[in-house]
Amino acid sequence: MILYCIGHSFNFEMENVCRLYFPREQIRIAESLIESAENIKVYTVLQKETEHTLLECRLVWKDYDKAERSCCSNEKINNNHDCELILAANLYHILAEACGYTQDWGIVTGVRPVKLLRRLIAQMGEAAALIYFREKLLVGEDKISLAKKTQEIENTIISLSKNDSCSVYISIPFCPTRCHYCSFVSHTIARAGKLLPEYLQVLYKELQLTGEIIRDLGLRLETLYIGGGTPTILSAEDLRCLSAVIEKCFDLNAVREYTVEAGRPDTICKEKLTIIKQSGAERISINPQTLQPDVLRAIGRQHDIGSFFSAFAMAREIGFDNINTDLIAGLPEDTVDGFVDSLQQILGLQPENITVHTLALKRASNFSQKNQSGDNNHLQSAAMIRESVRLLEKHKYRPYYLYRQSKMIGNQENTGWSKGGKEGLYNIYIMDETHSIFGCGAGAVTKLKQPGTEYLERIFNYKFPYEYNRGYDEMIRRKQQIKLFYNKYVFNK
C-alpha cells in the first residue's frame, strides 16, 4: 500500500486509519505524487486557500476508486487538529464503504479511549463529550456506553490517589513456554533458566534501591504488582525469598492492593500459593485464556483444562478472595460458541475479576512471524466481545478498566470486569497514568508523573535479562533521575 500525504503532516494518524482496514499491509508514505505499482493507493490531500480549506481522500483498490471531499471555511477550522480530524473521517468513510463494514471504535486509534473521554468531559461536559465521540470520532453506541461506564468506575479509584502516591511493578520475565500469540519480552525457562539466579540477585538490589528512593522522597506506596512473564515460574524457595526482600525494602502498611500474576496453571502448587498469601498479596491472576482443548493446543499452552480448575479451587481453599481470570477473544481454532462456553464456565466459578482480551497479532509473536492469524475474522472477534459484554453485565460484573492495542483482531479492546469493590487498582493506575509507577526488573519502565498535570517522564530498564544482569550500575545511574524529577517538577511546584 502507498499512502500519499500531500499538503499536511498528519502521516501518523492517516496511517493508523488505514491500518483499521489493512492491518497486515506494509504502508509506504509519500509526500508528493510519484509513480507506484502498489495494489492499494490512498491519497490524502490538504489544500489551503485564502478563505477555505479543501480536504480530500481517495482510495484506489481493486475495482474501487472513489473520493470524499470537504470544503471548510477557514473561519470554522480552528487549528490543525480540526483538519486532521476531518481528513481522518473522510478516509474512514471511503475505507468502510470499500471494505463493507464500519468500525465499532470509529476513528479512535489510541490506547486509552477512556482517558480521552474523561479529558473531554472535563473540557466540555459529559453531554458534549459523548456527542463528540459519536459525531466527530464516529464511535458506535455500544462502545460509547462501555467507555462511559468504565470511566465512571475508574473515577472513584483515581480519586484515592494523592500527590504523594506511587505504585511499584516487579517484572519476572520468564515463562514455562512461549505462547504463540505472545509478543512480550519473556523467556522460556528451558532456554533462559541459567540467567534466573543472577537475575534475582540483581532484582533484589534494584528493589532495595527503589525502596530507599520511595522512603527518601516521603512517598506512599499504594499498589504493588508482580507480573511477567509468569512469576510463579519461580521455585517456592525463590518466591519466599522475593517476598522477604519486598517486605524488607518497602513499607507495606499503606498498600491498598498487592497482586501476583500466578498466570499459568501449570506453574501453580499449594506451597507457592501459600507463600504468596502469607506475603500479604491478596489478589492473584490464574489465566486459562480459553477452556477449549483444541484452542489451547493451537496457542501453545501446555496445561490442560483440569489443571486450571484445580489451581482455582486450590487458591480458594488457601483463602484468596480476589482472583482474576483472563480470556482472549479471537484465538485461532476458536468459535463464538466456544468462546461463550469458556466464559460461561468461568462465570460458574464466580471469580472477582474477569479480564477479556482481544487477540493482537503483534509482529514479534509466532502467529505473525508464521503469517498465521487463524480462522477468526473481524466479525467473529467482534461477536465474541459483544457476547462477553452481554454475559458479564447479566452476571452483575462491571467494566472498570479498558485499553486498546494495535493490530487487534476486529479492532476491539481489552476490558477488566469486576464485582463491586474488587476492581484491580493497579490496572486503573497504569492505564490512566494516575501517579508515578516505579518499574523493577528487565523490561520494566518507570513512569514519573507530575501531580495535577499530564506530564510524564520515563526511565527504561534493560529489556532482556542478560542485559539486565550485567547493567546494574547503569540502572543505578538512570534511577537517580527519580529524585531529580521530584525535586524539579513536584516539590518545587
# chains A, B, ... in the order shown; residues from 1 in each chain; ligands from 1

call {"tool": "select_by_dssp", "arguments": {"residues": "stretch 238-466 of chain A", "states": "helix (DSSP H, G or I)", "output": "VMD selection string"}}
result
chain A and resid 238 to 249 265 to 267 270 to 279 293 to 298 305 to 318 336 to 349 366 to 369 378 to 394 409 to 411 425 to 432 465 to 466

call {"tool": "residues_around", "arguments": {"residues": "stretch 139-154 of chain A", "least_positions_apart": "3", "cutoff": "9 Å", "atoms": "only C-alpha atoms", "output": "MDAnalysis selection string"}}
result
chainID A and resid 103:108 113:115 117:118 130 133:136 157:159 386 389 398:402 415 423 425 428:429 432

call {"tool": "closest_residue", "arguments": {"among": "A:Ile170, A:Val17, A:Ile121, A:Leu291", "to": "A:Ile328", "atoms": "only C-alpha atoms"}}
result
A:Leu291

call {"tool": "residues_around", "arguments": {"residues": "stretch 206-220 of chain A", "least_positions_apart": "3", "cutoff": "10 Å", "atoms": "only C-alpha atoms", "output": "short mmCIF file (atom, residue, chain, number, x, y, z; two decimals) with C-alpha atoms, in the first residue's frame"}}
result
data_model
loop_
_atom_site.label_atom_id
_atom_site.label_comp_id
_atom_site.auth_asym_id
_atom_site.auth_seq_id
_atom_site.Cartn_x
_atom_site.Cartn_y
_atom_site.Cartn_z
CA SER A 161 -4.57 8.65 44.65
CA LYS A 162 -2.89 11.67 46.23
CA ASN A 163 0.15 13.76 45.29
CA ASP A 164 2.45 11.51 47.32
CA SER A 165 1.03 8.22 45.95
CA CYS A 166 3.06 5.76 43.91
CA SER A 167 3.00 2.13 42.77
CA VAL A 168 5.67 -0.50 42.14
CA ILE A 170 8.15 -6.03 39.58
CA LEU A 200 17.01 -12.43 41.11
CA GLN A 201 20.11 -11.15 42.90
CA VAL A 202 20.22 -8.04 40.70
CA LEU A 203 16.46 -7.59 41.13
CA THR A 223 -0.23 -0.76 44.90
CA LEU A 242 11.39 -12.46 46.90
CA VAL A 245 13.00 -8.83 50.16
CA ILE A 246 9.83 -6.92 49.28
CA LYS A 248 12.21 -5.57 53.95
CA CYS A 249 12.51 -2.91 51.21
CA PHE A 250 9.02 -1.36 51.24
CA ASP A 251 6.60 -0.03 53.80
CA LEU A 252 3.51 -2.11 53.03
CA ASN A 253 1.30 -0.55 55.70
CA ALA A 254 -0.45 1.84 53.29
CA VAL A 255 -0.69 -0.61 50.38
CA SER A 436 4.26 7.54 39.41
CA PHE A 438 8.40 2.54 39.65
CA GLY A 439 9.35 -0.41 37.44
CA CYS A 440 11.84 -3.02 38.66
CA GLY A 441 13.28 -5.87 36.61
CA TYR A 472 23.06 -2.72 37.25
CA MET A 475 20.39 1.31 36.09
CA ILE A 476 21.52 2.97 39.31
CA LYS A 479 17.25 5.83 38.66
CA GLN A 480 18.96 8.85 40.14
CA ILE A 482 13.75 9.97 40.02
CA LYS A 483 14.88 12.33 42.78
CA TYR A 486 10.58 15.10 42.13
CA ASN A 487 12.78 17.98 43.20
CA PHE A 491 8.24 19.53 45.33
#

call {"tool": "closest_residue", "arguments": {"among": "A:His93, A:Val45, A:Asp238, A:Gln123", "to": "A:Glu198", "atoms": "only C-alpha atoms"}}
result
A:Asp238

call {"tool": "closest_residue", "arguments": {"among": "A:Thr259, A:Ala192, A:Phe339, A:Tyr21", "to": "A:Gly410", "atoms": "only C-alpha atoms"}}
result
A:Tyr21
